[in-house]
Amino acid sequence: MDRTEEQRLKAQARRENAAAPRQRLIAEWPSRREFIQRVGVTALLAGGVGGLWAALRDPTGDRGKPVEPAFRLPDFRVPPPNGAKVLGIARGNQYEKMLAMAIGAVGGLAHYIRPGDVVLIKPNVAFDRSPKLGATTNPDVLAALIRMVRAAGAREVRVADNPIESPESCFVKSGIAAAARQAGAQVFLPSPQSFEILEVPQAKLIARWPFFWRPFRGVTKVIGIAPVKDHNLCQASMCTKNWYGLLGGRRNQFHQDIHGIIADLALMMSPTLVILDATRILMKNGPTGGDLSDVVAGHTLVAATDQIAADAYGYSELLGRKSDPPQYLFNAQARGLGNPDWRNVPLKEEQVG
Amino acid sequence: MSAGKIYFAKSPQGPNGVLAPWWLRALRITRIRVLAQAFFFALFVFLVYVTWFSRLAGYPVSLFLEVDPLVAVATTISTHTVYRHLIWSLVLIVPTLLLGRFFCNWICPYGTLHQFISWLFNTRRNIDKLALNRYRPIFQLKYIILLVFGVLAVFGMLQIGLLDPICIMYRTFATAIAPASDLAGLKFSPGTTHQREFYGAWFVGLVIVGLVGMNLVIPRFFCRVLCPLGAFLGVLSRFALWRIDRDLTRCTDCNLCLAHCEGASEPQAALRKSECFVCFNCLDDCPEHALSYRFLPLRKQPVSNGKLHGRPVISTQPETEVAWPALSRRRVLLTAVVGVLAYPFVRLSAAVGSKSFDKRAIRPPGSVAEPEFLERCIKCDQCIRVCPTNVLQPATLTQAGLEGLWTPVMDMRLGFCQLSCTLCSEVCPTGAIQKISVEKKLGLGPYAADGPIRVGTAFFNQGRCLPWAMETPCVVCEEVCPVSPKAIGTYDVQIKRWDGTMVILNKPYMRPELCIGCGICEHECPVADERAVYVTAVGESRSKDRSLLLRSKTT
């Protein structure tokens, strides 16, 4: 068959097909089973998508916003025993004995720490510095405190901070990690996953704020142990400012209202006890220091059940400042969080050893 | 060959030897090779994993770079010295001169990755495998790349790191895989408050995905076509005393030796010595036991009258060896010319010059002056991996041009240079960042006369500074400034704000003699997007070109 013949036959077939009736033949339909299956699957898909869309409908866009679960910190305070002082001030060089005296004056560790307690101790580990530079809590004092807390029956002792410089390095070079582990405490370093939103309902700046929450899971008692440091903006960094190290998020904004934030920190944390570590005092160039000439030996540890009174005492007696105590202490006092007039609170001071 | 020889092959046919028992066959050399590859790959990942402050513990974390002969040879060309541990490259150079390019298929973790991906995904029928593993002219490209890099190194421009497989592996782990693993909860970088980020990680990731993906087109594409280290080892292999040898009286030209030939080195004909990875797969695959790995095989077989050593020659391929890489002299010449031209084209692109340097190209402390830095840095990014604060970043094209692509620079928004940290200087294999002590970094003790190492200088942008421009207290910068006395001072003034309230403002200023450029002020500045205090490279102590002050404080 030559090419023109083939083309002729094709054209003829096309004409015939075009002229044929156009209704669908029975044979062209699928079987009933196949019909139901295919139409059913399509209908299910269409209906499913419609149903899902309806269930997820968000006309204002509010449903699609992230929901951040928030938590609140409990009050970790323990009512002091009768006759207990508010401040216990120990002078000397033997940290264990000094802690025993100072804490003894405010009621004794056995009163505050009960067998089975899970105790979080918050030192200041803000910087990647040798302990002798006075920018961080003295690791030997911390170790002594941990041993005493464990001896008081604590089931678990944790040490946590969210430093400004790289956490691992700060904990190692400040000596805090080694001291804490040797004394039998667990060290908690921050990670992106260890922050949760904390609600502090009355707070001015941190009513809702990311908080280093992970080490606080299951904690029953909290002890702050802060070095005494000069601070250009807020004059001094001691017990209340120490809680700053538990905040996450854009915490560098707080310097716009430094006294407001520290008063908020006093509201945020009601600790079982605070310890002022004045074994080394950072007199100037704080809060970082960096030179041995910035540091003096203070030979003092202060235990307190009122962190405001402790800070006020530290400001005038340990840093030796003659000026008015920092404004944040008065802001905290106005909220009923403590008494900056340390001269009128019961205290006991003693030379130890 | 004598009768009674033990054979390891899977299907011995013909020779009157003894098939080894199954356990001996299970331990045959190709299996041992796979174990070695798994070991070295695991060792590599382990070393990257421990390249971290709390895990260092004295491990030789840059080991693979220090034994990498290309790193050693290229830096020797560019600096005329062999830095610190690079002498260890001898442990690969000498065996390569004896055994051939065994590194590629026994040790190289990147080679192992490519082989594994090819094995897993490039499954083809046997007949297609033979075709895939034939030599192709494109395999010359790696020698061209090597030669261009070599010529550039002569001019003091070190570019081997762009394609050196060990550099690629370290860089990819540092900037792409480790942070991705952190995101997945496999803590490569523990104890960090923020997820680590790296500029251009997508591109580093794309390079490795692309190169690994090419295995589906050409098996071991990178190793055969691009690898400059393989090319260098290939050149050394030309002198190797051992090689795969083919017995012309046994070989039937069946080509089955090509089925799993990793290097595409044509063991079925004249073996291309420089292409052979010494994987020994051909020994396994040869049904005739015609192939063996031999000491000093003859370069030319003495065939006469169709007979070799009195036995008839069966193979139709009489040649058994091609020693040199297949690159003609004219191409070598042309390539050298390309390298000579590439040097001025790249160097004079106004990116790394003494006047054209980018203000944000801030080098880590301990870095040698920029021209020497570019002679040494192999872009392996080990410093970036070990940096605890995330401040070290692979440079982008804007910061350092093509020449400095992926070299380390500091971005103070992402991190800051921690005062008493010298980790980057510890891990640098080539001395681009020289090993320094904390005393040297801070200018203490015996280094008091030199003063601290400055990496740049901080500047205030008063128009964005809260106390200067917005009647708002702040000075986080002053608080965190780590030097004593602080390099940031404040003018303290009380003002009446727009709403009538009185406020004390501490307006910060720089004391430039004290600033070391660590950038913690910039990092902590709350003006998040464009910081009110920022560090630029000027004032760095490694270079007179970029100095700022006539006099700086020394201690």
# chains A, B, ... in the order shown; residues from 1 in each chain; ligands from 1
call {"tool": "interface_residues", "arguments": {"of": "chain B", "to": "chain A", "cutoff": "10 Å", "atoms": "only C-alpha atoms", "output": "PyMOL selection string"}}
result
chain B and resi 52-54+182-183+185+187+189-196+387-390+415-421+466-467+471-486+489-490+504-506+520+523-528
call {"tool": "residues_around", "arguments": {"residues": "Gln268 of chain B", "least_positions_apart": "5", "cutoff": "9 Å", "atoms": "only C-alpha atoms", "output": "list of chain:residue names"}}
result
B:Arg246, B:Cys251, B:Asp253, B:Cys254, B:Asn255, B:Leu256, B:Cys257, B:Leu258, B:Cys282, B:Gln317, B:Thr320
call {"tool": "atom_distance", "arguments": {"atom1": "atom CA of Gly230 of chain B", "atom2": "atom CA of Ile138 of chain B"}}
result
14.4 Å
call {"tool": "atom_distance", "arguments": {"atom1": "atom CA of Leu87 of chain A", "atom2": "atom CA of Val345 of chain A"}}
result
7.6 Å
call {"tool": "atom_distance", "arguments": {"atom1": "atom CA of Cys377 of chain B", "atom2": "atom CA of Ala432 of chain B"}}
result
5.2 Å
call {"tool": "residues_around", "arguments": {"residues": "Gln186 of chain A", "least_positions_apart": "6", "cutoff": "8 Å", "atoms": "only C-alpha atoms", "output": "MDAnalysis selection string"}}
result
chainID A and resid 156:159 180
call {"tool": "residues_around", "arguments": {"residues": "segment 204-206 of chain A", "least_positions_apart": "2", "cutoff": "9 Å", "atoms": "only C-alpha atoms", "output": "PyMOL selection string"}}
result
chain A and resi 198-202+208-210+254+257+260-261+263-265+268
call {"tool": "write_last_selection", "arguments": {"atoms": "N, CA and C atoms", "output": "mmCIF file, in the first residue's frame"}}
result
data_model
loop_
_atom_site.group_PDB
_atom_site.id
_atom_site.type_symbol
_atom_site.label_atom_id
_atom_site.label_comp_id
_atom_site.auth_asym_id
_atom_site.auth_seq_id
_atom_site.Cartn_x
_atom_site.Cartn_y
_atom_site.Cartn_z
ATOM 1 N N LEU A 198 7.874 32.197 81.933
ATOM 2 C CA LEU A 198 7.515 32.334 83.347
ATOM 3 C C LEU A 198 6.532 33.488 83.485
ATOM 4 N N GLU A 199 5.490 33.251 84.270
ATOM 5 C CA GLU A 199 4.550 34.331 84.565
ATOM 6 C C GLU A 199 4.845 34.874 85.945
ATOM 7 N N VAL A 200 5.046 36.186 86.022
ATOM 8 C CA VAL A 200 5.185 36.858 87.313
ATOM 9 C C VAL A 200 4.111 37.948 87.310
ATOM 10 N N PRO A 201 2.913 37.634 87.791
ATOM 11 C CA PRO A 201 1.751 38.483 87.517
ATOM 12 C C PRO A 201 1.922 39.954 87.906
ATOM 13 N N GLN A 202 2.558 40.243 89.036
ATOM 14 C CA GLN A 202 2.637 41.640 89.462
ATOM 15 C C GLN A 202 3.825 42.377 88.842
ATOM 16 N N ARG A 208 5.561 38.162 81.657
ATOM 17 C CA ARG A 208 5.763 36.908 80.899
ATOM 18 C C ARG A 208 7.144 36.994 80.277
ATOM 19 N N TRP A 209 8.004 36.069 80.620
ATOM 20 C CA TRP A 209 9.383 36.181 80.104
ATOM 21 C C TRP A 209 10.027 34.792 80.061
ATOM 22 N N PRO A 210 10.860 34.514 79.049
ATOM 23 C CA PRO A 210 11.553 33.208 78.997
ATOM 24 C C PRO A 210 12.473 33.026 80.213
ATOM 25 N N PHE A 254 16.857 45.080 79.522
ATOM 26 C CA PHE A 254 16.468 45.473 80.875
ATOM 27 C C PHE A 254 17.313 46.607 81.443
ATOM 28 N N ASP A 257 15.801 49.916 82.237
ATOM 29 C CA ASP A 257 15.143 50.170 83.526
ATOM 30 C C ASP A 257 15.734 49.187 84.531
ATOM 31 N N GLY A 260 14.059 48.820 87.875
ATOM 32 C CA GLY A 260 12.763 48.157 87.694
ATOM 33 C C GLY A 260 12.929 46.649 87.551
ATOM 34 N N ILE A 261 13.925 46.220 86.763
ATOM 35 C CA ILE A 261 14.070 44.779 86.546
ATOM 36 C C ILE A 261 14.555 44.085 87.814
ATOM 37 N N ALA A 263 14.022 44.967 90.884
ATOM 38 C CA ALA A 263 12.874 44.868 91.791
ATOM 39 C C ALA A 263 11.927 43.752 91.337
ATOM 40 N N ASP A 264 11.795 43.605 90.012
ATOM 41 C CA ASP A 264 10.985 42.500 89.480
ATOM 42 C C ASP A 264 11.600 41.142 89.822
ATOM 43 N N LEU A 265 12.940 41.080 89.784
ATOM 44 C CA LEU A 265 13.612 39.816 90.102
ATOM 45 C C LEU A 265 13.344 39.427 91.557
ATOM 46 N N MET A 268 10.038 38.021 91.494
ATOM 47 C CA MET A 268 10.003 36.734 90.786
ATOM 48 C C MET A 268 10.461 35.592 91.688
#
call {"tool": "residues_around", "arguments": {"residues": "Pro139 of chain A", "least_positions_apart": "2", "cutoff": "8 Å", "atoms": "only C-alpha atoms", "output": "list in words"}}
result
Pro131, Thr137, Val141, Leu142, Ala143, Ser174, Gly175, Ile176, Ala179 and Ala180 of chain A
call {"tool": "select_by_dssp", "arguments": {"residues": "segment 21-163 of chain A", "states": "alpha helix (DSSP H)", "output": "ChimeraX atom specification"}}
result
/A:32-55,95-105,109-112,139-151
